[in-house]
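Asker: Okay, so here is start_14.txt, and as you'll see once you scroll down, it has compact mmCIF, C-alpha atoms.
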```txt
# COMPACT_ATOMS: atom_id res chain seq x y z
CA MET M 1 0.00 0.00 0.00
CA THR M 2 1.50 3.30 -1.06
CA THR M 3 1.67 6.32 1.18
CA GLU M 4 2.51 8.74 -1.60
CA ALA M 5 0.38 11.85 -1.69
CA MET M 6 -2.13 12.17 -4.52
CA PRO M 7 -0.89 14.74 -7.08
CA SER M 8 -2.94 17.87 -6.75
CA ALA M 9 -5.39 18.65 -9.54
CA ARG M 10 -6.12 22.13 -8.30
CA ALA M 11 -6.30 24.88 -10.87
CA ASP M 12 -3.57 26.95 -9.21
CA THR M 13 -0.94 24.24 -9.72
CA ALA M 14 -1.29 24.04 -13.50
CA ALA M 15 0.75 26.06 -15.95
CA ALA M 16 -0.94 29.30 -16.79
CA THR M 17 -1.52 28.38 -20.41
CA GLU M 18 -2.92 24.89 -19.88
CA PRO M 19 -6.64 24.21 -19.65
CA VAL M 20 -7.89 23.06 -16.26
CA LEU M 21 -10.48 20.43 -16.96
CA ARG M 22 -13.25 19.34 -14.67
CA GLN M 23 -15.84 16.66 -15.28
CA GLN M 24 -19.56 17.22 -15.42
CA VAL M 25 -21.66 14.07 -15.25
CA LEU M 26 -25.15 13.55 -16.58
CA VAL M 27 -27.07 10.37 -15.85
CA LEU M 28 -30.07 9.64 -18.02
CA TYR M 29 -32.62 6.92 -17.38
CA LEU M 30 -34.32 5.87 -20.58
CA ASP M 31 -37.62 4.24 -21.43
CA GLY M 32 -35.81 1.36 -23.16
CA SER M 33 -32.36 -0.06 -23.72
CA ALA M 34 -31.84 1.91 -26.95
CA LEU M 35 -29.94 5.16 -26.64
CA ASP M 36 -32.55 7.02 -28.66
CA SER M 37 -35.28 6.09 -26.17
CA ARG M 38 -37.22 8.72 -24.25
CA VAL M 39 -35.73 10.10 -21.03
CA VAL M 40 -37.72 9.10 -17.92
CA GLY M 41 -35.25 10.23 -15.25
CA TRP M 42 -32.10 12.32 -14.88
CA SER M 43 -29.36 13.34 -12.46
CA ARG M 44 -26.49 15.77 -12.75
CA TYR M 45 -23.19 16.21 -10.93
CA ASP M 46 -20.93 19.18 -11.51
CA GLY M 47 -17.19 18.89 -10.96
CA THR M 48 -16.70 22.59 -11.66
CA GLY M 49 -18.57 23.50 -8.48
CA ARG M 50 -20.50 26.16 -10.38
CA THR M 51 -23.86 24.50 -9.90
CA SER M 52 -25.27 22.25 -7.19
CA PRO M 53 -27.90 19.97 -8.69
CA THR M 54 -29.92 18.05 -6.13
CA THR M 55 -32.88 15.76 -5.63
CA GLY M 56 -36.18 17.09 -6.92
CA ASP M 57 -34.80 20.27 -8.47
CA SER M 58 -36.57 20.09 -11.84
CA ASP M 59 -39.62 18.58 -13.47
CA GLU M 60 -38.44 18.72 -17.08
CA PRO M 61 -35.57 16.57 -18.37
CA PRO M 62 -32.58 18.29 -19.97
CA TYR M 63 -33.01 16.19 -23.16
CA GLU M 64 -35.83 14.20 -24.66
CA SER M 65 -33.62 11.19 -25.44
CA GLY M 66 -30.11 9.86 -24.90
CA VAL M 67 -29.18 10.87 -28.41
CA GLY M 68 -30.29 14.40 -27.55
CA ALA M 69 -27.43 14.53 -25.04
CA LEU M 70 -24.96 13.32 -27.68
CA LEU M 71 -26.12 16.01 -30.07
CA ASP M 72 -25.37 18.59 -27.39
CA GLY M 73 -21.82 17.39 -26.90
CA TRP M 74 -22.10 14.96 -23.98
CA ARG M 75 -19.91 11.85 -24.27
CA LEU M 76 -21.37 8.50 -23.27
CA PHE M 77 -19.04 6.52 -21.03
CA GLN M 78 -21.22 3.84 -19.46
CA ALA M 79 -24.44 2.06 -20.31
CA ALA M 80 -26.36 -0.41 -18.15
CA GLN M 81 -25.97 -4.06 -19.06
CA LEU M 82 -28.95 -6.14 -19.99
CA ILE M 83 -29.20 -8.73 -17.24
CA PRO M 84 -31.85 -11.45 -17.32
CA PRO M 85 -34.09 -11.68 -14.26
CA TYR M 86 -33.12 -14.09 -11.52
CA PRO M 87 -35.20 -17.27 -11.69
CA GLY M 88 -38.30 -16.81 -9.57
CA HIS M 89 -38.09 -13.03 -9.68
CA GLU M 90 -39.20 -12.40 -13.24
CA TYR M 91 -42.10 -10.18 -12.17
CA ASP M 92 -40.27 -8.18 -9.53
CA VAL M 93 -39.78 -4.46 -10.05
CA SER M 94 -36.84 -2.60 -8.58
CA PHE M 95 -34.27 -0.09 -9.87
CA LEU M 96 -34.54 1.64 -13.22
CA LYS M 97 -32.98 -0.60 -15.81
CA HIS M 98 -31.71 1.62 -18.59
CA GLU M 99 -29.10 3.88 -17.05
CA PHE M 100 -26.65 5.85 -19.21
CA PHE M 101 -23.71 7.92 -17.89
CA PHE M 102 -22.44 10.87 -19.90
CA GLU M 103 -19.61 13.27 -19.27
CA ARG M 104 -18.50 16.67 -20.44
CA LEU M 105 -15.10 18.18 -19.70
CA VAL M 106 -15.13 21.86 -18.89
CA ASP M 107 -12.16 24.20 -18.74
CA VAL M 108 -12.72 26.02 -15.47
CA ARG M 109 -10.28 28.75 -16.51
CA ALA M 110 -12.54 29.70 -19.38
CA SER M 111 -15.12 32.29 -18.51
CA MET B 1 -61.68 8.03 19.12
CA GLU B 2 -63.37 6.97 15.88
CA ASN B 3 -66.70 8.71 16.45
CA ARG B 4 -67.42 9.42 12.81
CA LEU B 5 -65.69 7.98 9.79
CA GLU B 6 -65.74 8.96 6.18
CA LEU B 7 -64.41 5.78 4.64
CA LEU B 8 -62.65 5.75 1.31
CA ASN B 9 -64.51 4.31 -1.64
CA SER B 10 -63.19 1.68 -4.05
CA VAL B 11 -62.05 4.22 -6.62
CA GLN B 12 -59.96 5.99 -3.99
CA MET B 13 -58.52 2.68 -2.79
CA ALA B 14 -57.66 1.66 -6.34
CA ARG B 15 -55.92 4.99 -6.80
CA PHE B 16 -53.93 4.34 -3.64
CA VAL B 17 -52.95 0.88 -4.87
CA ALA B 18 -51.76 2.38 -8.16
CA ARG B 19 -50.11 5.56 -6.88
CA GLY B 20 -49.08 4.51 -3.38
CA SER B 21 -50.49 7.71 -1.94
CA LEU B 22 -53.70 9.49 -1.01
CA ARG B 23 -53.85 13.25 -0.60
CA LEU B 24 -56.50 15.10 1.40
CA ASP B 25 -56.14 18.82 0.75
CA ALA B 26 -56.85 21.25 3.59
CA VAL B 27 -58.66 18.57 5.56
CA VAL B 28 -57.53 20.08 8.87
CA PRO B 29 -59.29 23.34 9.80
CA ALA B 30 -57.34 26.59 10.03
CA GLU B 31 -57.62 26.98 13.81
CA MET B 32 -56.17 23.52 14.30
CA ASN B 33 -53.30 24.31 11.93
CA ALA B 34 -52.33 27.34 13.99
CA GLU B 35 -52.36 25.16 17.09
CA GLY B 36 -50.53 22.41 15.24
CA LEU B 37 -47.64 24.65 14.30
CA ALA B 38 -47.07 25.49 17.95
CA VAL B 39 -47.41 21.85 19.00
CA LEU B 40 -44.89 20.70 16.43
CA ALA B 41 -42.48 23.49 17.36
CA ASP B 42 -42.56 22.25 20.97
CA GLY B 43 -42.12 18.65 19.86
CA VAL B 44 -44.43 15.67 20.27
CA PRO B 45 -43.34 13.21 22.97
CA SER B 46 -42.44 9.85 21.48
CA VAL B 47 -44.48 6.73 22.09
CA PRO B 48 -43.11 3.18 22.33
CA TYR B 49 -43.02 1.26 19.07
CA GLY B 50 -46.20 -0.72 18.56
CA THR B 51 -48.47 1.27 20.84
CA PRO B 52 -52.14 0.70 20.00
CA LEU B 53 -53.58 3.88 18.56
CA SER B 54 -56.11 4.40 21.33
CA ASP B 55 -53.27 4.34 23.89
CA ALA B 56 -50.81 6.49 21.99
CA TYR B 57 -52.14 10.00 22.44
CA ASP B 58 -53.93 11.61 25.38
CA ASN B 59 -57.60 12.48 25.21
CA GLY B 60 -57.96 16.03 23.96
CA SER B 61 -54.39 16.23 22.69
CA PHE B 62 -53.75 17.80 19.33
CA VAL B 63 -52.63 14.59 17.65
CA ARG B 64 -55.65 12.69 18.95
CA ARG B 65 -58.00 15.35 17.59
CA LEU B 66 -56.11 15.38 14.28
CA LEU B 67 -56.60 11.63 13.91
CA ALA B 68 -60.27 11.90 14.87
CA LEU B 69 -61.16 14.22 11.99
CA PRO B 70 -63.75 12.20 10.04
CA ARG B 71 -61.89 12.14 6.74
CA VAL B 72 -58.54 11.39 8.37
CA ALA B 73 -60.00 8.69 10.62
CA GLY B 74 -61.94 7.23 7.70
CA ALA B 75 -58.92 7.06 5.44
CA LEU B 76 -56.81 5.45 8.16
CA ARG B 77 -59.52 2.89 8.89
CA SER B 78 -59.90 2.11 5.20
CA LEU B 79 -56.19 1.57 4.70
CA VAL B 80 -55.05 -0.30 7.82
CA GLY B 81 -58.23 -1.09 9.74
CA PRO B 82 -59.23 -0.43 13.34
CA GLU B 83 -56.83 0.17 16.17
CA PRO B 84 -53.53 -0.02 14.28
CA TRP B 85 -50.22 0.18 16.05
CA VAL B 86 -48.42 3.48 16.08
CA ASP B 87 -45.01 2.41 14.81
CA HIS B 88 -43.44 5.79 15.52
CA HIS B 89 -43.91 9.46 14.80
CA PHE B 90 -41.55 12.31 14.06
CA VAL B 91 -41.65 16.06 13.54
CA HIS B 92 -39.71 16.79 10.36
CA THR B 93 -38.39 20.27 9.67
CA ARG B 94 -36.61 21.82 6.70
CA ALA B 95 -34.62 24.89 7.68
CA PRO B 96 -34.82 28.07 5.58
CA HIS B 97 -32.18 27.95 2.85
CA GLY B 98 -31.33 24.67 4.44
CA GLY B 99 -28.51 23.19 2.47
CA THR B 100 -29.35 19.96 0.76
CA ALA B 101 -32.27 17.81 -0.19
CA GLN B 102 -32.75 14.36 1.21
CA ALA B 103 -31.80 11.55 -1.13
CA LEU B 104 -34.74 9.75 -2.63
CA HIS B 105 -35.48 6.83 -0.32
CA GLY B 106 -37.99 4.41 1.10
CA ASP B 107 -38.41 4.49 4.87
CA ALA B 108 -37.24 1.75 7.25
CA ILE B 109 -35.82 -1.26 5.37
CA ILE B 110 -36.82 -3.17 2.28
CA ASP B 111 -40.34 -4.47 2.91
CA VAL B 112 -41.83 -6.81 0.33
CA ARG B 113 -44.95 -8.06 2.08
CA PRO B 114 -47.30 -8.97 -0.77
CA ASP B 115 -50.51 -8.92 1.25
CA ALA B 116 -50.04 -6.19 3.87
CA PHE B 117 -48.70 -2.68 4.05
CA ASP B 118 -48.06 0.10 6.54
CA VAL B 119 -49.12 3.66 5.90
CA GLN B 120 -47.42 6.87 6.81
CA LEU B 121 -49.51 9.92 7.56
CA MET B 122 -47.89 13.22 6.67
CA TYR B 123 -49.52 16.38 8.02
CA TYR B 124 -48.59 19.86 6.74
CA PRO B 125 -49.82 22.60 9.12
CA GLN B 126 -48.79 25.50 6.88
CA ASP B 127 -49.12 26.40 3.20
CA VAL B 128 -46.27 24.72 1.33
CA THR B 129 -44.90 26.50 -1.71
CA LEU B 130 -42.52 25.07 -4.29
CA GLU B 131 -39.66 27.12 -2.81
CA MET B 132 -40.26 25.67 0.66
CA GLY B 133 -39.13 22.26 -0.51
CA GLY B 134 -42.28 20.23 0.05
CA THR B 135 -41.88 16.48 0.15
CA LEU B 136 -40.86 14.89 -3.13
CA SER B 137 -42.58 11.60 -3.87
CA VAL B 138 -42.69 9.33 -6.89
CA PRO B 139 -46.16 8.07 -7.84
CA GLY B 140 -46.29 4.34 -8.35
CA SER B 141 -42.88 3.58 -6.83
CA HIS B 142 -44.15 1.72 -3.78
CA LEU B 143 -43.98 -1.80 -5.17
CA ARG B 144 -40.36 -1.48 -6.28
CA ARG B 145 -38.01 -3.70 -4.30
CA ILE B 146 -35.29 -1.38 -3.08
CA ASN B 147 -33.64 -0.83 0.27
CA GLU B 148 -33.89 2.61 1.88
CA SER B 149 -31.64 5.17 0.17
CA ASP B 150 -30.20 2.91 -2.52
CA THR B 151 -32.27 5.03 -4.89
CA GLY B 152 -30.33 8.15 -3.90
CA ARG B 153 -28.74 8.32 -7.34
CA TYR B 154 -32.08 9.33 -8.86
CA GLN B 155 -32.52 13.09 -8.65
CA ASN B 156 -35.56 13.63 -10.86
CA LEU B 157 -38.12 11.37 -12.47
CA ARG B 158 -40.78 12.34 -14.97
CA GLY B 159 -44.12 12.82 -13.29
CA GLN B 160 -42.61 13.15 -9.81
CA ASP B 161 -44.72 14.94 -7.26
CA ARG B 162 -43.08 18.00 -5.69
CA LEU B 163 -45.65 18.70 -3.03
CA VAL B 164 -47.26 22.13 -3.07
CA CYS B 165 -50.32 22.23 -0.84
CA PRO B 166 -52.58 24.37 1.32
CA ALA B 167 -52.28 24.36 5.08
CA GLY B 168 -54.01 21.43 6.73
CA THR B 169 -53.20 18.92 4.03
CA VAL B 170 -52.78 15.28 5.04
CA VAL B 171 -51.13 12.72 2.78
CA PHE B 172 -51.15 8.97 3.36
CA LEU B 173 -48.27 7.06 1.82
CA HIS B 174 -47.74 3.34 1.30
CA HIS B 175 -44.62 2.31 3.22
CA GLY B 176 -42.68 1.62 0.05
CA ILE B 177 -43.10 4.96 -1.69
CA TRP B 178 -39.90 6.68 -2.82
CA HIS B 179 -39.76 10.12 -1.27
CA GLY B 180 -37.53 12.78 0.31
CA GLY B 181 -37.61 16.23 1.82
CA ARG B 182 -36.61 18.75 -0.81
CA ARG B 183 -34.17 21.61 -0.30
CA ASN B 184 -35.90 24.58 1.32
CA ASP B 185 -34.98 27.66 -0.72
CA SER B 186 -37.41 29.94 1.10
CA ASP B 187 -37.16 32.09 4.24
CA ILE B 188 -39.71 29.97 6.09
CA LEU B 189 -39.10 27.02 8.39
CA ARG B 190 -41.19 24.16 7.04
CA TYR B 191 -42.87 21.56 9.26
CA MET B 192 -44.23 18.14 8.52
CA PHE B 193 -45.53 15.67 11.09
CA LYS B 194 -45.32 12.00 10.22
CA ILE B 195 -46.87 8.99 11.90
CA ARG B 196 -46.31 5.42 10.71
CA PHE B 197 -49.10 2.93 11.34
CA ASN B 198 -48.93 -0.88 11.28
CA PRO B 199 -52.14 -2.83 10.60
CA ARG B 200 -53.36 -5.37 13.13
CA VAL B 201 -56.08 -6.92 11.01
CA ARG B 202 -56.09 -8.44 7.55
CA GLN B 203 -56.37 -5.59 5.09
CA ARG B 204 -59.36 -6.90 3.21
CA ARG B 205 -62.37 -4.80 2.17
CA LEU B 206 -61.87 -2.30 4.98
CA TRP B 207 -63.25 0.56 2.90
CA ASP B 208 -66.71 1.34 1.49
CA THR B 209 -66.93 -1.30 -1.24
CA SER B 210 -70.32 -0.31 -2.59
CA ASP B 211 -68.66 0.92 -5.78
CA LEU B 212 -66.30 -2.05 -6.16
CA HIS B 213 -67.39 -2.71 -9.74
CA ASP B 214 -67.28 0.89 -10.90
CA PRO B 215 -65.32 0.96 -14.20
CA GLN B 216 -63.22 3.75 -12.74
CA VAL B 217 -61.69 1.20 -10.34
CA THR B 218 -60.01 -0.67 -13.18
CA ALA B 219 -59.08 2.63 -14.85
CA GLU B 220 -57.25 3.69 -11.71
CA LEU B 221 -55.49 0.36 -11.34
CA ASP B 222 -54.40 0.51 -14.98
CA ALA B 223 -52.63 3.88 -14.61
CA MET B 224 -49.15 4.29 -16.06
CA PHE B 225 -46.77 6.95 -14.77
CA PRO B 226 -44.43 8.99 -16.94
CA TRP B 227 -41.26 7.66 -15.31
CA TYR B 228 -42.05 4.00 -15.94
CA GLU B 229 -40.06 2.23 -18.59
CA GLY B 230 -42.64 0.78 -20.96
CA ALA B 231 -41.75 -2.85 -20.31
CA THR B 232 -41.45 -2.50 -16.55
CA GLY B 233 -44.72 -0.58 -16.47
CA ARG B 234 -46.43 -3.80 -17.49
CA LEU B 235 -44.88 -5.54 -14.50
CA GLU B 236 -46.11 -2.73 -12.28
CA ARG B 237 -49.66 -3.52 -13.33
CA TYR B 238 -49.06 -7.23 -12.78
CA ASN B 239 -48.02 -6.53 -9.20
CA ARG B 240 -50.91 -4.15 -8.60
CA ILE B 241 -53.35 -6.80 -9.75
CA LEU B 242 -51.95 -9.20 -7.16
CA LEU B 243 -52.27 -6.56 -4.43
CA TRP B 244 -55.86 -5.78 -5.45
CA ARG B 245 -56.66 -9.50 -5.31
CA HIS B 246 -55.36 -9.60 -1.73
CA LEU B 247 -57.29 -6.49 -0.72
CA THR B 248 -60.58 -7.62 -2.23
CA GLY B 249 -60.34 -11.41 -1.89
CA ASP B 250 -61.20 -11.66 -5.58
CA ASP B 251 -58.65 -14.18 -6.88
CA GLY B 252 -59.99 -13.85 -10.39
CA PHE B 253 -59.51 -10.12 -10.73
CA ASP B 254 -57.36 -9.09 -13.67
CA LEU B 255 -56.62 -6.23 -16.05
CA ASP B 256 -56.28 -7.12 -19.70
CA HIS B 257 -55.39 -10.74 -18.86
CA TRP B 258 -51.92 -9.77 -17.52
CA VAL B 259 -51.86 -12.26 -14.65
CA THR B 260 -54.22 -14.86 -16.09
CA ARG B 261 -52.12 -15.27 -19.22
CA VAL B 262 -48.83 -16.07 -17.48
CA SER B 263 -50.32 -18.25 -14.76
CA ASN B 264 -52.38 -20.42 -17.11
CA ARG B 265 -51.06 -23.97 -16.79
CA PRO B 266 -53.93 -26.32 -17.69
CA GLN B 267 -53.72 -29.78 -16.14
CA GLU B 268 -56.49 -31.44 -18.04
CA ILE B 269 -55.25 -34.26 -20.26
CA VAL B 270 -57.14 -34.78 -23.47
CA THR B 271 -57.28 -38.37 -24.61
```
Show me the file's structure as structure tokens.
Answerer:
Amino acid sequence: MTTEAMPSARADTAAATEPVLRQQVLVLYLDGSALDSRVVGWSRYDGTGRTSPTTGDSDEPPYESGVGALLDGWRLFQAAQLIPPYPGHEYDVSFLKHEFFFERLVDVRAS
Amino acid sequence: MENRLELLNSVQMARFVARGSLRLDAVVPAEMNAEGLAVLADGVPSVPYGTPLSDAYDNGSFVRRLLALPRVAGALRSLVGPEPWVDHHFVHTRAPHGGTAQALHGDAIIDVRPDAFDVQLMYYPQDVTLEMGGTLSVPGSHLRRINESDTGRYQNLRGQDRLVCPAGTVVFLHHGIWHGGRRNDSDILRYMFKIRFNPRVRQRRLWDTSDLHDPQVTAELDAMFPWYEGATGRLERYNRILLWRHLTGDDGFDLDHWVTRVSNRPQEIVT
């Protein structure tokens, strides 16, 4: 197990001319397993610290479909697997099934 | 304490089975709401888990009078029957400009009883505006098998209910409903008083069933909510049908053949 300190990613340690990138994450829950399906749920996390999204903060989704997010520049980095139901639990309902994670990198030095 | 009851009808019960909630707007009179605000500010002494309702609150106390209001008493009787246990109660507050919202969650622990349910009464003694961060709840989420705040990743779902209500509103929630206190962005301290009730009788035809065959009953049970994935929405109806069968004792009840179709295993041998 290493005891080395994690290199700092703070903006004030980077060279003045280099971009300082922070990740914004968008999670979309879709009506089906296809990426062009309708959005039924959404969450946002902002690594720039400029916004503070939270539970129950909006009634309208940011995009109508997963592809809508792609068209606006979000990059997909994870999609939920399709997992068959466990035997005996075929009719159970639980978490939302069609979860897609997107990211966008933002230069926090840009205005 | 149940002098007069205004029981729910079958359409209202079917709506509860589909949505997992029942809302009674401004059912508590204004003078009681003013008193209620002061009572909640002072705190309501706790009662031991599992106290029978008639033993839980003193005669003449605010909570006892709240629960004796005919529509409140009737709804409680319809949902969990006579003399339920008081599981616990709690005065919830959301401070002005109070930081963060609660993560979306179901109370207690995962609870998958197919033929019984608890209800949680939520009483709002003051007008609740959108800015005050009224309780967020998700219609039709109560039959989902999740444990407590494992749903915290979900911030917003289509068709979610961000409660805005007049003073004196009482909401009854199925124990499984996904909900959370929203961030209070107003200057007003917001109160909500919650009591959880456990049934002590079989929850079968406890309401006014004179309209049991009203077509609106099946319409309510057939409701889809905007956040459902299409395929899973069919399973939601399957599970509702099973719950309605338990509540009515009608083992043949169905909607569009959903349960009948997949349980049909004829044994007759044709020679």
Asker: Enter the distance from atom CA of Ile241 of chain B to atom CA of Tyr228 of chain B, in Å, rounded to one decimal.
Answerer: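 According to the coordinates, atom CA of Ile241 of chain B and atom CA of Tyr228 of chain B are separated by 16.8 Å.
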Asker: Counting all atoms listed in the file, which residues from chain M have an atom at most 10 Å from any atom of chain B, and could you show them as a PyMOL selection string?
Answerer: chain M and resi 27-33+37-44+52-61+90-98
Asker: Could you tell me how far atom CA of Arg113 of chain B lies from atom CA of Gly176 of chain B, in Å and to one decimal?
Answerer: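 That distance, rounded to one decimal, is 10.1 Å.
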Asker: Quick one: 4 Å padding each side, axis-aligned, all listed atoms of segment 69-73 of chain M - centre and edge lengths in Å to one decimal, as JSON?
Answerer:
```
{"center_x": -24.6, "center_y": 16.0, "center_z": -27.6, "size_x": 13.6, "size_y": 13.3, "size_z": 13.0}
```
Asker: I need the residue nearest Gly73 of chain M from this list: M:Asp46, M:Tyr86, M:Glu103, M:Ala110. Use all atoms listed in the file for the distance.
Answerer: M:Glu103
Asker: One decimal, in Å: what's the spacing between atom CA of Arg190 of chain B and atom CA of Thr93 of chain B?
Answerer: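 Answer for the atom CA of Arg190 of chain B to atom CA of Thr93 of chain B separation: 5.5 Å.
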Asker: Counting all atoms listed in the file, figure out which residue out of B:Thr271, B:Gln120, B:Ser46, B:Ser263 gets nearest to Phe197 of chain B.
Answerer: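 Closest candidate: B:Gln120.
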Asker: My list of candidates is M:Leu26, M:Leu21, M:Val67, M:Ala34. Which is closest to Phe101 of chain M when distances are computed with all atoms listed in the file?
Answerer: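 Among M:Leu26, M:Leu21, M:Val67, M:Ala34, it is M:Leu26 that comes nearest to Phe101 of chain M.
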Asker: If we count only C-alpha atoms and set the cut-off at 10 Å, which residues sit around Arg109 of chain M, ignoring sequence neighbours fewer than 5 positions away in its own chain? Please answer as a JSON list (two decimals) with C-alpha atoms, in the coordinates of the input.
Answerer:
```json
[["chain", "number", "residue", "atom", "x", "y", "z"],
["M", 11, "ALA", "CA", -6.30, 24.88, -10.87],
["M", 16, "ALA", "CA", -0.94, 29.30, -16.79],
["M", 17, "THR", "CA", -1.52, 28.38, -20.41],
["M", 18, "GLU", "CA", -2.92, 24.89, -19.88],
["M", 19, "PRO", "CA", -6.64, 24.21, -19.65],
["M", 20, "VAL", "CA", -7.89, 23.06, -16.26],
["M", 21, "LEU", "CA", -10.48, 20.43, -16.96]]
```
Asker: Report as an MDAnalysis selection string all protein, DNA and RNA residues lying within 7 Å of segment 75-92 of chain B, evaluated on all atoms listed in the file, omitting residues in the same chain fewer than 4 positions from it.
Answerer: chainID B and resid 7:8 40 43 46:47 49:54 71 191:201 203 206:207
